[in-house]
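Student: Got a structure for you, written out below as structure tokens; questions coming shortly.
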Amino acid sequence: MIIQDFIPQPYPKSIKNGSFTWSSPSNIALVKYWGKKQDQIPENPSISFTLNNCKTTTSLSFSELESDSGYSFEVFLDGEKKDDFKPKIETFFKRVEAYLPFLKDYQFKIETVNTFPHSSGIASSASGMSALALCLMSIEKELIGDISQEDFIQKASFLARLGSGSACRSLEGDLVLWGKHVDIEGSSDLFGVKYPYEVHQDFQNYQDTILLVDKGEKQVSSTVGHNLMHGHPFAAERFKQANTNLSAMVSILKDGDLDAFVALVESEALTLHAMMMTSMPYFILMKPNTLEIINKIWAFRRLSGSKVCFTLDAGANVHVLYPEREKSVVMEFIQNELVAFCQKGQYINDKIGFGAKQS
Ligand code: DP6
């Protein structure tokens, strides 16, 4: 597929108004996306677990406009009008207009609800942008008349990527890869694909408990962060390393090598933060409690032989990853030793999920 393939033929059908609703999950990267080229093309491939409980539900209502007067839309979060969300959506509409030529023909109402608290420090851009992309695709499906499920999801992922890179990994489950990788057939910089190779039983029901260490506003937006990889002294090596790590991940996932998984995933998380600490300007997004948790996890693993590990996003919260069979032991450990480091003792239990759903 090339970019031009996503520009539709003139629509054979018309539709006056309607409404579509999609729920789309968040995802957690194992090999991280950090650094992008123009038009949301990633500098390196990344792979993520799709989550199950952390999700955004978006309803998109639309009605035909009499005259073409630019984009016309309103945004609501939890029933409250959110004008501060408009610039991001306006940018998204501009980026996708060539692929969705109907955008200026309608007036839209975007109503969105997250299952996780807005101020939890959990990014809603992946789940939010993928849910919106799916609603827009539902409109296009009506205008085209018919589209295969595969083409529908692929274009939704292509559009979601233009809203937020990681959003293109939120449409399907349970492992999604985004970015061209020489060893992985079908991989693309333009959209996420379901991981196509064998996955060991041990990875099929992985758990993710998200420890809410700091619920404050992000110190640095991901767009600014990605841009700091331009001219970064370690960028070229980092992008190479991500490719090598993905190759290693293919055999780890197949063999169920949990020790290698732990080492790779934790190294990826710390490398992401190392990139932020060594950019100019530099950032430390971890908090003291992030480090306390990491040290506790390492100590627990040494003592118990557990395969629990951590990963991080561009923030202070810690994702605690573990196989399902360790659920009760790890939950007890979290309750006894980690909850004390969470803001107001808050955490969210999640696990691998299987992608977006229409309702
Ligand atoms: C640290 O997808 O939020 O979570 O494309 O600018 O919207 P934009 O960035 P975004 O970056 C996410 C980066 C990350 C790692 C990852 O999810 O791979």
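Ordering of the structure tokens sets the chain letters (A, B, ...), residue numbers begin anew at 1 in every chain, and ligands are numbered from 1 in the order given.
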Step by step, measure atom-to-atom distances between ligand 1 and each residue using only C-alpha atoms and all ligand atoms, keep those at most 10 Å, then write them as number ranges by chain.
Tutor: A: 26-36, 39-42, 44-48, 88, 122-126, 129, 160-169, 177-178, 221-227, 268-269, 272-273, 312-315
Student: Could you pull out the alpha helix (DSSP H) residues of range 109-329 of chain A from DSSP and send them as JSON, numbers by chain?
Tutor: {"A": [125, 126, 127, 128, 129, 130, 131, 132, 133, 134, 135, 136, 137, 138, 139, 140, 141, 142, 143, 144, 149, 150, 151, 152, 153, 154, 155, 156, 157, 158, 159, 160, 161, 162, 163, 222, 223, 224, 225, 226, 227, 235, 236, 237, 238, 239, 240, 241, 242, 243, 244, 245, 246, 247, 248, 249, 250, 251, 252, 253, 254, 255, 258, 259, 260, 261, 262, 263, 264, 265, 266, 267, 268, 269, 270, 271, 272, 273, 274, 275, 276, 277, 288, 289, 290, 291, 292, 293, 294, 295, 296, 297, 298, 299, 300, 301, 302, 303, 304, 327, 328, 329]}
Student: List as number ranges by chain the protein and nucleic acid residues near range 90-104 of chain A, meaning an atom at most 6 Å away when only C-alpha atoms are counted, but skip any in the same chain fewer than 3 places from it.
Tutor: A: 6-7, 70-71, 86-87, 163
Student: Those same residues, written as a compact mmCIF listing (two decimals), in the first residue's frame with N, CA, C and O atoms?
Tutor:
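The result, written out as again-v5.txt:
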```txt
# COMPACT_ATOMS: atom_id res chain seq x y z
N PHE A 6 -4.96 5.45 -0.33
CA PHE A 6 -5.96 5.81 0.68
C PHE A 6 -6.84 6.99 0.26
O PHE A 6 -7.71 7.42 1.00
N ILE A 7 -6.58 7.51 -0.95
CA ILE A 7 -7.45 8.57 -1.47
C ILE A 7 -8.61 7.89 -2.20
O ILE A 7 -8.39 7.12 -3.13
N GLY A 70 -15.51 25.56 5.65
CA GLY A 70 -14.42 25.05 6.49
C GLY A 70 -14.91 23.92 7.38
O GLY A 70 -16.04 23.44 7.23
N TYR A 71 -14.07 23.51 8.33
CA TYR A 71 -14.49 22.42 9.22
C TYR A 71 -15.48 22.95 10.23
O TYR A 71 -15.29 24.03 10.79
N LYS A 86 -10.22 21.45 20.43
CA LYS A 86 -10.47 21.73 19.01
C LYS A 86 -9.21 21.85 18.14
O LYS A 86 -9.18 21.28 17.05
N PRO A 87 -8.17 22.56 18.62
CA PRO A 87 -6.99 22.69 17.73
C PRO A 87 -6.40 21.35 17.30
O PRO A 87 -6.04 21.16 16.14
N GLY A 163 -3.52 11.25 13.39
CA GLY A 163 -3.97 11.96 14.60
C GLY A 163 -2.94 11.86 15.70
O GLY A 163 -2.58 12.84 16.35
```
Student: With only C-alpha atoms as the atoms that count, which of A:Ile284, A:Cys309, A:Met1, A:Glu332 lies nearest to Phe191 in chain A?
Tutor: A:Met1
Student: Range 252-343 of chain A: which residues are strand (DSSP E or B) by DSSP, as a PyMOL selection string?
Tutor: chain A and resi 309-312+318-322
Student: Please write the residues from the selection above to a file, keeping C-alpha atoms, as a PDB file, in the first residue's frame.
Tutor:
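Contents of selection_12.pdb, freshly written:
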```pdb
ATOM      1  CA  CYS A 309       8.431  -6.381  34.926  1.00  0.00           C
ATOM      2  CA  PHE A 310       7.726  -2.720  34.262  1.00  0.00           C
ATOM      3  CA  THR A 311       7.424  -0.410  31.340  1.00  0.00           C
ATOM      4  CA  LEU A 312       6.895   3.334  31.126  1.00  0.00           C
ATOM      5  CA  VAL A 318       4.416   2.610  35.838  1.00  0.00           C
ATOM      6  CA  HIS A 319       2.863  -0.213  33.823  1.00  0.00           C
ATOM      7  CA  VAL A 320       3.441  -3.470  35.721  1.00  0.00           C
ATOM      8  CA  LEU A 321       3.379  -6.383  33.269  1.00  0.00           C
ATOM      9  CA  TYR A 322       3.040 -10.054  34.269  1.00  0.00           C
TER      10      TYR A 322
END
```
Student: Considering only C-alpha atoms, return as a list in words whatever protein or nucleic-acid residues lie within 9 Å of Asp202 in chain A, sequence-local ones (same chain, fewer than 6 positions apart) excluded.
Tutor: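 Skipping anything fewer than 6 positions along the chain leaves Leu253, Gly256, Asp257, Leu258, Pro323, Glu324 and Arg325 of chain A.
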Student: Tell me which protein, DNA and RNA residues are within 12 Å of Ala274 in chain A, counting only C-alpha atoms, leaving out same-chain ones fewer than 3 positions away, and put them as an MDAnalysis selection string.
Tutor: chainID A and resid 34 229 232:235 238 267:271 277:279 282:286 312 314
Student: Can you spit out the residues from that selection as a PDB file, in the first residue's frame, using C-alpha atoms?
Tutor:
```pdb
ATOM      1  CA  TRP A  34      10.092   7.831  19.929  1.00  0.00           C
ATOM      2  CA  MET A 229      15.054  13.269  18.502  1.00  0.00           C
ATOM      3  CA  HIS A 232      19.775  14.108  19.134  1.00  0.00           C
ATOM      4  CA  PRO A 233      23.348  12.800  19.618  1.00  0.00           C
ATOM      5  CA  PHE A 234      22.192   9.198  20.164  1.00  0.00           C
ATOM      6  CA  ALA A 235      19.276   9.120  17.726  1.00  0.00           C
ATOM      7  CA  ARG A 238      18.578   4.327  19.170  1.00  0.00           C
ATOM      8  CA  SER A 267      15.573  -1.723  28.708  1.00  0.00           C
ATOM      9  CA  GLU A 268      13.208  -0.178  26.140  1.00  0.00           C
ATOM     10  CA  ALA A 269      11.410   1.797  28.871  1.00  0.00           C
ATOM     11  CA  LEU A 270      14.624   3.107  30.380  1.00  0.00           C
ATOM     12  CA  THR A 271      16.051   3.903  26.940  1.00  0.00           C
ATOM     13  CA  MET A 277      17.215  12.983  29.645  1.00  0.00           C
ATOM     14  CA  THR A 278      19.866  13.403  26.948  1.00  0.00           C
ATOM     15  CA  SER A 279      17.964  15.661  24.547  1.00  0.00           C
ATOM     16  CA  TYR A 282      16.334  17.691  28.616  1.00  0.00           C
ATOM     17  CA  PHE A 283      13.545  16.269  30.728  1.00  0.00           C
ATOM     18  CA  ILE A 284      13.139  13.911  33.636  1.00  0.00           C
ATOM     19  CA  LEU A 285       9.598  12.584  33.512  1.00  0.00           C
ATOM     20  CA  MET A 286      10.077   9.911  36.166  1.00  0.00           C
ATOM     21  CA  LEU A 312       6.895   3.334  31.126  1.00  0.00           C
ATOM     22  CA  ALA A 314       6.389   9.388  28.436  1.00  0.00           C
TER      23      ALA A 314
END
```
Student: What lies within 8 Å of Leu212 in chain A using only C-alpha atoms, ignoring chain neighbours under 5 positions off, as an NGL selection string?
Tutor: :A and (120-121 or 316-318 or 342-343 or 345-348)
Student: Hey, can you spit out that residue selection with C-alpha atoms as a PDB file, in the first residue's frame?
Tutor:
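Writing the result to again_14.pdb gives the following:
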```
ATOM      1  CA  SER A 120      -4.803  10.096  35.437  1.00  0.00           C
ATOM      2  CA  GLY A 121      -1.743  10.852  33.335  1.00  0.00           C
ATOM      3  CA  ALA A 316       5.852   8.953  35.660  1.00  0.00           C
ATOM      4  CA  ASN A 317       3.206   6.206  35.779  1.00  0.00           C
ATOM      5  CA  VAL A 318       4.416   2.610  35.838  1.00  0.00           C
ATOM      6  CA  CYS A 342       0.808   5.717  43.953  1.00  0.00           C
ATOM      7  CA  GLN A 343      -0.950   9.058  44.154  1.00  0.00           C
ATOM      8  CA  GLY A 345      -3.137   4.820  46.271  1.00  0.00           C
ATOM      9  CA  GLN A 346      -4.667   4.660  42.788  1.00  0.00           C
ATOM     10  CA  TYR A 347      -4.009   2.047  40.144  1.00  0.00           C
ATOM     11  CA  ILE A 348      -5.879   0.485  37.237  1.00  0.00           C
TER      12      ILE A 348
END
```
Student: Which residue gives the smallest distance to Ala356 in chain A among A:Ser188, A:Ser63, A:Ser19, A:Ser130, with only C-alpha atoms counted?
Tutor: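 Of A:Ser188, A:Ser63, A:Ser19, A:Ser130, the one nearest Ala356 in chain A is A:Ser130, counting only C-alpha atoms.
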Student: Just the number, please: distance in Å from CA of Tyr195 in chain A to CA of Ile210 in chain A, one decimal.
Tutor: 23.4 Å
Student: Near Lys357 in chain A, within 8 Å and counting only C-alpha atoms, which residues show up once chain neighbours fewer than 5 positions away are dropped, as an MDAnalysis selection string?
Tutor: chainID A and resid 22:24
